[in-house]
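S.K.: Below is a structure I'd like to ask you about.
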Amino acid sequence: MKISEKDYEKYFKKNKKIERKRLNPFHDSVIFERAYLTDMIQELIDQKINVDPIIVDGNWCEIDTPQDLENAKKKFVKNYY
């Protein structure tokens with residue numbers, strides 16, 4: 001996800017407000033603390049905060065863990081090992 005500094009402030013404030021309210025369940029997650037980034041993006045959209053996609057044409061991967069990062073390096077970085 002790429003977010004401008006100005007929009008990060010909106011995102012951060014919204015995130016903290018939701019965290020304080022302890023909204024459970026939170027979109028597709030049982031509890032807010034285990035929500036995915038996509039749950040928060042959906043919350044922003046639901047609150048009429050503009051979210052624009054960036055279309056990626058080519059290689060990409062999702063990295064959630066250190067193991068995911070290692071796998072991505074093997075796949076995308078020439079001569080990594």
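In the structure tokens, each chain is lettered A, B, ... as it comes, each chain's residues begin at 1, and ligands are numbered from 1 in order of appearance.
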Skip Leu37 (chain A) itself and residues of its chain fewer than 2 positions away, then list as a PyMOL selection string all residues within 12 Å of it, counting only C-alpha atoms.
M.R.: chain A and resi 1+11+15+26-29+32-35+39-44+62+64
S.K.: Suppose we keep C-alpha atoms; can you now write the selection as a PDB file, in the first residue's frame?
M.R.:
ATOM      1  CA  MET A   1       0.000   0.000   0.000  1.00  0.00           C
ATOM      2  CA  TYR A  11      -5.856   6.763   8.049  1.00  0.00           C
ATOM      3  CA  ASN A  15      -7.534   3.507  12.813  1.00  0.00           C
ATOM      4  CA  PHE A  26     -14.618  -5.743  12.195  1.00  0.00           C
ATOM      5  CA  HIS A  27     -15.580  -6.401   8.576  1.00  0.00           C
ATOM      6  CA  ASP A  28     -14.285  -9.886   7.719  1.00  0.00           C
ATOM      7  CA  SER A  29     -12.291 -10.246  10.959  1.00  0.00           C
ATOM      8  CA  PHE A  32     -10.216  -5.589  15.136  1.00  0.00           C
ATOM      9  CA  GLU A  33      -6.760  -6.629  16.356  1.00  0.00           C
ATOM     10  CA  ARG A  34      -6.698  -9.452  13.793  1.00  0.00           C
ATOM     11  CA  ALA A  35      -8.063  -7.437  10.893  1.00  0.00           C
ATOM     12  CA  ASP A  39     -10.654  -4.590   6.234  1.00  0.00           C
ATOM     13  CA  MET A  40      -9.332  -1.119   7.059  1.00  0.00           C
ATOM     14  CA  ILE A  41      -9.423  -0.073   3.400  1.00  0.00           C
ATOM     15  CA  GLN A  42     -13.055  -1.172   3.254  1.00  0.00           C
ATOM     16  CA  GLU A  43     -13.779   0.867   6.378  1.00  0.00           C
ATOM     17  CA  LEU A  44     -12.261   3.947   4.739  1.00  0.00           C
ATOM     18  CA  GLU A  62       2.000 -10.184  -0.951  1.00  0.00           C
ATOM     19  CA  ASP A  64       3.017 -10.855   5.398  1.00  0.00           C
TER      20      ASP A  64
END
S.K.: Measuring between only C-alpha atoms, which one of A:Val30, A:Lys13, A:Ile45, A:Asn59 shows the shortest distance to Val77 (chain A)?
M.R.: A:Asn59
S.K.: Using DSSP assignments from the backbone, pull out every residue in chain A that falls under helix (DSSP H, G or I) and give it to me as a ChimeraX atom specification.
M.R.: /A:5-21,32-34,37-46,66-76
S.K.: In terms of the shortest atom-to-atom distance over only C-alpha atoms, which of A:Asp68, A:Glu9, A:Lys78, A:Ile18 is closest to Gln47 (chain A)?
M.R.: A:Ile18
S.K.: Can you work out the spacing between CA of Val56 (chain A) and CA of Lys2 (chain A) in Å, to one decimal?
M.R.: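 Between CA of Val56 (chain A) and CA of Lys2 (chain A) the gap is 12.4 Å.
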S.K.: Could you tell me how far CA of Glu19 (chain A) sits from CA of Glu5 (chain A), in Å to one decimal place?
M.R.: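 According to the coordinates, CA of Glu5 (chain A) and CA of Glu19 (chain A) are separated by 20.7 Å.
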